[in-house]
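Some notes on the structure that comes next.
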Amino acid sequence: MKKVLSSRFFNQATLVVAEKLVGKYLVIKQRGKVKAYRITEVEAYDGPTDQASHASRGETPRNKVMFGPAGYFYLYLVYGCHQMLNIVTGQKGYPAAILIRALNNISGPGRVTKTLDLDQGFNHKPATVKTGLWFEDRGEKILATQIKRLPRVGVAYAGPIWSQKKYRFKLVTDE
DNA sequence: ACGATGATGAAC
DNA sequence: TTCATCATCGTA
């Protein structure tokens, strides 16, 4: 069974959505073909006080979409090289988003966007079938023991408290 | 270990 | 208008 995740799914507490998103699918339609990738790693950026989040220094033209309703994509360029794919979560007015860090066989957020050929054209678009990029629940049950909580990557600038928070959720297949 | 590479936002 | 910074990655 395949169920498209609606804005209602993303309109929940960000950490809850982040954990639930592991094991779901990112689906893209391009050149008439549909491809689905299982989400294996995500990171939460939760609220205005999160010092690792772009939203911690207030609303700007770039992060505006984070302050809007859930279910919209937030893409931005880092290091002049890599697009980061995020999905906005939580209530309108509360800035939060989840970074898609890895999919099956695709490790690293920059490689996710490179492989799927995602650019600024998806920024501010809703995660719907019409957009051509959306999320699905394909009925896979993920146990809590299969998800590892880790500190986020590349956020030392946020200071010891916020950089150490375990806002990264990673699927543990085996080992 | 380091440079690429360019938009962003804050300061001046 | 200038300038430091950056939710990374490939090459060495």
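Ligands are numbered from 1 in the order shown, residues from 1 within each chain, and chains are lettered A, B, ... in the order they appear in the structure tokens.
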
Neighbours of chain C in chain A at 8 Å, counting only C-alpha atoms (C1' of nucleotides), as a CSV table (one decimal) with C-alpha atoms, in the first residue's frame:
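Below you can see part-v2.csv, which holds the result:
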chain,number,residue,atom,x,y,z
A,52,ALA,CA,21.6,25.7,14.6
A,53,SER,CA,18.6,26.7,12.5
A,78,VAL,CA,25.4,25.9,1.1
A,79,TYR,CA,29.2,26.4,0.5
A,81,CYS,CA,28.1,24.1,-4.1
A,82,HIS,CA,25.3,22.0,-2.6
A,84,MET,CA,20.0,21.2,0.8
A,99,LEU,CA,16.7,18.2,6.3
A,109,PRO,CA,22.4,15.8,1.7
A,110,GLY,CA,24.4,17.3,-1.2
A,153,VAL,CA,26.4,17.4,11.4
A,154,GLY,CA,28.2,20.6,10.6
A,155,VAL,CA,26.5,22.8,13.2

Contact residues (chain A, partner chain B, 12 Å, only C-alpha atoms (C1' of nucleotides)) as a list in words: His54, Arg57, Gly58, Glu59, Thr60, Pro61, Arg62, Asn63, Tyr76, Leu77, Val78, Tyr79, Gly80, Cys81, His82, Gln83 and Gln120 of chain A

Among stretch 12-162 of chain A, which ones does DSSP place in helix (DSSP H, G or I), written as a PDB file with C-alpha atoms, in the first residue's frame?
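Output file part_4.pdb is given in full below:
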ATOM      1  CA  THR A  14       9.125  18.485  14.292  1.00  0.00           C
ATOM      2  CA  LEU A  15      10.934  15.792  16.275  1.00  0.00           C
ATOM      3  CA  VAL A  16       7.924  13.508  15.932  1.00  0.00           C
ATOM      4  CA  VAL A  17       7.798  14.024  12.175  1.00  0.00           C
ATOM      5  CA  ALA A  18      11.558  13.513  11.877  1.00  0.00           C
ATOM      6  CA  GLU A  19      11.419  10.132  13.585  1.00  0.00           C
ATOM      7  CA  LYS A  20       8.388   9.035  11.566  1.00  0.00           C
ATOM      8  CA  LEU A  21       9.980  10.156   8.293  1.00  0.00           C
ATOM      9  CA  HIS A  54      18.517  29.492   9.970  1.00  0.00           C
ATOM     10  CA  ALA A  55      15.400  30.676  11.792  1.00  0.00           C
ATOM     11  CA  SER A  56      17.312  31.484  14.990  1.00  0.00           C
ATOM     12  CA  ARG A  57      18.195  34.933  13.647  1.00  0.00           C
ATOM     13  CA  ASN A  63      14.194  31.250   5.405  1.00  0.00           C
ATOM     14  CA  LYS A  64      10.715  32.755   5.002  1.00  0.00           C
ATOM     15  CA  VAL A  65       9.203  29.425   3.963  1.00  0.00           C
ATOM     16  CA  MET A  66      10.226  27.881   7.295  1.00  0.00           C
ATOM     17  CA  PHE A  67       7.818  30.290   9.000  1.00  0.00           C
ATOM     18  CA  PRO A 109      22.409  15.810   1.714  1.00  0.00           C
ATOM     19  CA  GLY A 110      24.385  17.346  -1.161  1.00  0.00           C
ATOM     20  CA  ARG A 111      24.403  14.067  -3.021  1.00  0.00           C
ATOM     21  CA  VAL A 112      20.664  13.607  -2.486  1.00  0.00           C
ATOM     22  CA  THR A 113      19.871  16.790  -4.412  1.00  0.00           C
ATOM     23  CA  LYS A 114      22.590  16.154  -6.988  1.00  0.00           C
ATOM     24  CA  THR A 115      21.388  12.631  -7.719  1.00  0.00           C
ATOM     25  CA  LEU A 116      17.713  13.604  -7.969  1.00  0.00           C
ATOM     26  CA  GLN A 120      15.815  26.091  -6.606  1.00  0.00           C
ATOM     27  CA  GLY A 121      12.790  25.318  -8.776  1.00  0.00           C
ATOM     28  CA  PHE A 122      11.453  23.203  -5.905  1.00  0.00           C
ATOM     29  CA  ALA A 144      12.261   2.383  17.537  1.00  0.00           C
ATOM     30  CA  THR A 145      15.309   0.160  17.978  1.00  0.00           C
ATOM     31  CA  GLN A 146      16.135   0.582  14.286  1.00  0.00           C
ATOM     32  CA  ALA A 156      29.396  23.596  15.617  1.00  0.00           C
ATOM     33  CA  TYR A 157      28.568  27.281  15.165  1.00  0.00           C
ATOM     34  CA  ALA A 158      25.393  26.679  17.193  1.00  0.00           C
ATOM     35  CA  GLY A 159      27.365  26.326  20.449  1.00  0.00           C
ATOM     36  CA  PRO A 160      27.711  23.315  22.763  1.00  0.00           C
ATOM     37  CA  ILE A 161      24.080  23.056  23.855  1.00  0.00           C
ATOM     38  CA  TRP A 162      22.429  23.089  20.452  1.00  0.00           C
TER      39      TRP A 162
END

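With atom CA of A:Leu26 on one side and atom CA of A:Ala127 on the other, the separation reads 9.7 Å.
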
So how many Å separate atom CA of A:Gly32 and atom CA of A:Asp119, to one decimal?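 Separation between atom CA of A:Gly32 and atom CA of A:Asp119: 18.3 Å.
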
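Of note, atom CA of A:Leu150 and atom CA of A:Asp46 are spaced 15.2 Å apart.
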
Identify all residues of chain A in strand (DSSP E) (DSSP on the backbone) and supply them as a PyMOL selection string. chain A and resi 3-4+25-30+33-46+73-78+82-88+96-103+106-107+133-137+147-150+168-171

Take the residues just selected and output them with C-alpha atoms as a CSV table (one decimal), in the first residue's frame.
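Written output follows (result_18.csv):
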chain,number,residue,atom,x,y,z
A,3,LYS,CA,-0.1,6.5,0.9
A,4,VAL,CA,1.0,10.0,0.0
A,25,TYR,CA,9.8,7.3,0.8
A,26,LEU,CA,10.8,10.4,-1.2
A,27,VAL,CA,9.2,10.0,-4.6
A,28,ILE,CA,10.0,12.0,-7.8
A,29,LYS,CA,8.5,12.0,-11.2
A,30,GLN,CA,10.8,13.2,-13.9
A,33,LYS,CA,9.1,8.1,-14.8
A,34,VAL,CA,8.5,7.7,-11.1
A,35,LYS,CA,11.3,6.8,-8.8
A,36,ALA,CA,11.0,6.2,-5.1
A,37,TYR,CA,13.8,6.3,-2.5
A,38,ARG,CA,13.7,5.2,1.0
A,39,ILE,CA,14.6,7.9,3.5
A,40,THR,CA,17.4,6.6,5.8
A,41,GLU,CA,18.6,9.8,7.6
A,42,VAL,CA,17.1,13.1,8.5
A,43,GLU,CA,17.9,16.1,10.8
A,44,ALA,CA,15.4,18.4,12.6
A,45,TYR,CA,15.7,22.1,12.9
A,46,ASP,CA,13.1,23.0,15.4
A,73,PHE,CA,10.0,22.4,0.5
A,74,TYR,CA,12.9,24.6,1.6
A,75,LEU,CA,15.9,24.4,-0.6
A,76,TYR,CA,19.0,26.5,-0.2
A,77,LEU,CA,22.6,26.5,-1.4
A,78,VAL,CA,25.4,25.9,1.1
A,82,HIS,CA,25.3,22.0,-2.6
A,83,GLN,CA,21.5,22.3,-2.5
A,84,MET,CA,20.0,21.2,0.8
A,85,LEU,CA,16.5,19.6,0.6
A,86,ASN,CA,14.2,20.4,3.6
A,87,ILE,CA,10.5,19.9,4.3
A,88,VAL,CA,8.8,22.5,6.5
A,96,ALA,CA,10.9,24.5,11.6
A,97,ALA,CA,12.1,22.1,8.9
A,98,ILE,CA,13.6,18.7,8.4
A,99,LEU,CA,16.7,18.2,6.3
A,100,ILE,CA,16.8,15.0,4.2
A,101,ARG,CA,20.3,13.8,4.8
A,102,ALA,CA,20.3,10.4,3.1
A,103,LEU,CA,18.3,7.9,1.0
A,106,ILE,CA,22.7,8.0,-1.5
A,107,SER,CA,24.7,9.2,1.5
A,133,LEU,CA,8.2,15.5,-5.7
A,134,TRP,CA,6.4,14.1,-2.7
A,135,PHE,CA,6.6,11.7,0.2
A,136,GLU,CA,4.9,8.3,0.6
A,137,ASP,CA,4.3,5.8,3.4
A,147,ILE,CA,16.5,4.3,14.6
A,148,LYS,CA,19.6,5.9,16.1
A,149,ARG,CA,19.5,9.4,17.5
A,150,LEU,CA,22.7,11.4,17.0
A,168,ARG,CA,19.6,13.5,13.7
A,169,PHE,CA,17.6,10.3,13.1
A,170,LYS,CA,19.4,7.5,11.3
A,171,LEU,CA,18.1,4.2,10.2
